[in-house]
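Here's the structure we're looking at; comments come further down.
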Amino acid sequence: MEGIRIGGARGHIEEVEHDPIFVTIYNSFRWKMIPNCTGRYTCRDHKAVSHLTPTKLLEAAGIDSSTVDKLQQYYVTFDTEIRKDPIYVIPFADDGLAGLISYVKQPRDDGDCISYVHTLNSGSGFQRKLEAINVILSDEYLVN
């Protein structure tokens, strides 16, 4: 698969991302750069995707369910006031260079449902973010 050029504006380094899952998701929804976070994007289509679990987001982007089932998914919680929201992390390949980090937002009112803030992360942003929040993906966090 041919790569796509991303970044290159507002302090972001321009890079070419080749991961086929990243490219498919990037082309399926509208994404905006997270300020001062090269390689990290949040979905502009938040209202359309915030109810989707991370795996359902991948399927909505057209990723085959058999491919989604093969991906490792991690669920990480935090015991700190600074980081209240648990996250789902899905590396797109064994090398773990690109992936999805989805923040789980708990309902604020009785009528609300759990929602998700999905962030798409290229090779330059994925590991850097995990390191910044002190997350090492290990079997203890595996969902599937």
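Labels used: A, B, ... for chains in the order of the structure tokens, numbers from 1 for residues in each chain, and numbers from 1 for ligands as shown.
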
Per DSSP on the backbone, filter chain A down to the residues in strand (DSSP E) and report them as a ChimeraX atom specification.
/A:4-6,15-17,31-33,40-43,74-76,87-91,99-105,115-121

Report the closest atom pair, with its distance in Å rounded to one decimal, for each residue of stretch 33-110 of chain A that has an atom no farther than 9 Å from stretch 15-19 of chain A; count only C-alpha atoms, sort by chain and then rising residue number, and write it as a Markdown table.
| residue | atom | partner | partner_atom | distance |
| --- | --- | --- | --- | --- |
| A:Gly39 | CA | A:Glu15 | CA | 8.1 |
| A:Phe92 | CA | A:Asp19 | CA | 7.5 |
| A:Ala93 | CA | A:Asp19 | CA | 7.9 |
| A:Leu97 | CA | A:Asp19 | CA | 8.7 |
| A:Ala98 | CA | A:Asp19 | CA | 7.2 |

Could you write out that same residue set with C-alpha atoms as a PDB file, in the first residue's frame?
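Saved as selection01.pdb:
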ATOM      1  CA  GLY A  39       1.812  12.310  14.637  1.00  0.00           C
ATOM      2  CA  PHE A  92      -1.855  -1.761  14.198  1.00  0.00           C
ATOM      3  CA  ALA A  93       1.132  -4.043  13.601  1.00  0.00           C
ATOM      4  CA  LEU A  97       4.697   1.930  15.468  1.00  0.00           C
ATOM      5  CA  ALA A  98       1.206   3.208  14.703  1.00  0.00           C
TER       6      ALA A  98
END

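Using only C-alpha atoms, the shortest contact distance between A:Phe22 and any of A:Val76, A:Ile63, A:Val143, A:Ala9 is found at A:Ile63.
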
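The closest residue to A:Val135, picked from A:Leu58, A:Val68, A:Val89, A:Cys113 and counting only C-alpha atoms, is A:Val89.
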
Applying 7 Å and only C-alpha atoms, which residues near stretch 101-107 of chain A remain after dropping the ones on its own chain fewer than 5 positions away? List them as a ChimeraX atom specification.
/A:54,85-90,112-120

Å distance separating atom CA of A:Ala60 from atom CA of A:Ile21, one decimal place
12.1 Å

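Considering the residues A:Gly7, A:Gly62, A:Gly125, A:Pro20 and counting only C-alpha atoms, A:Lys32 has its shortest atom-to-atom contact with A:Gly7.
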
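Each of A:Gly3, A:Pro35, A:Gly8, A:Pro91 was checked against A:Leu142 using only C-alpha atoms; the smallest atom-to-atom distance is that of A:Pro91.
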
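Of the listed residues (A:Asp64, A:Phe78, A:His51, A:Gln73), A:Phe78 comes nearest to A:Ile133; the distances count only C-alpha atoms.
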
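Around A:Thr38, within 10 Å and counting only C-alpha atoms, the residues found are Ile6, Gly7, Gly8, Ala9, Arg10, Gly11, His12, Ile13, Glu14, Glu15, Asn121, Ser122, Gly123, Ser124, Gly125, Phe126 and Arg128 of chain A, once anything fewer than 6 positions away on its own chain is removed.
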
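The gap separating atom CA of A:Trp31 from atom CA of A:Asp69 is 24.2 Å, in Å to one decimal.
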
Could you give me, as a list in words, the residues within 8 Å of A:Ala61, counting only C-alpha atoms and dropping anything in the same chain fewer than 2 positions from it?
Thr24, Ile25, Ser28, Phe29, Leu57, Leu58, Glu59 and Ile63 of chain A
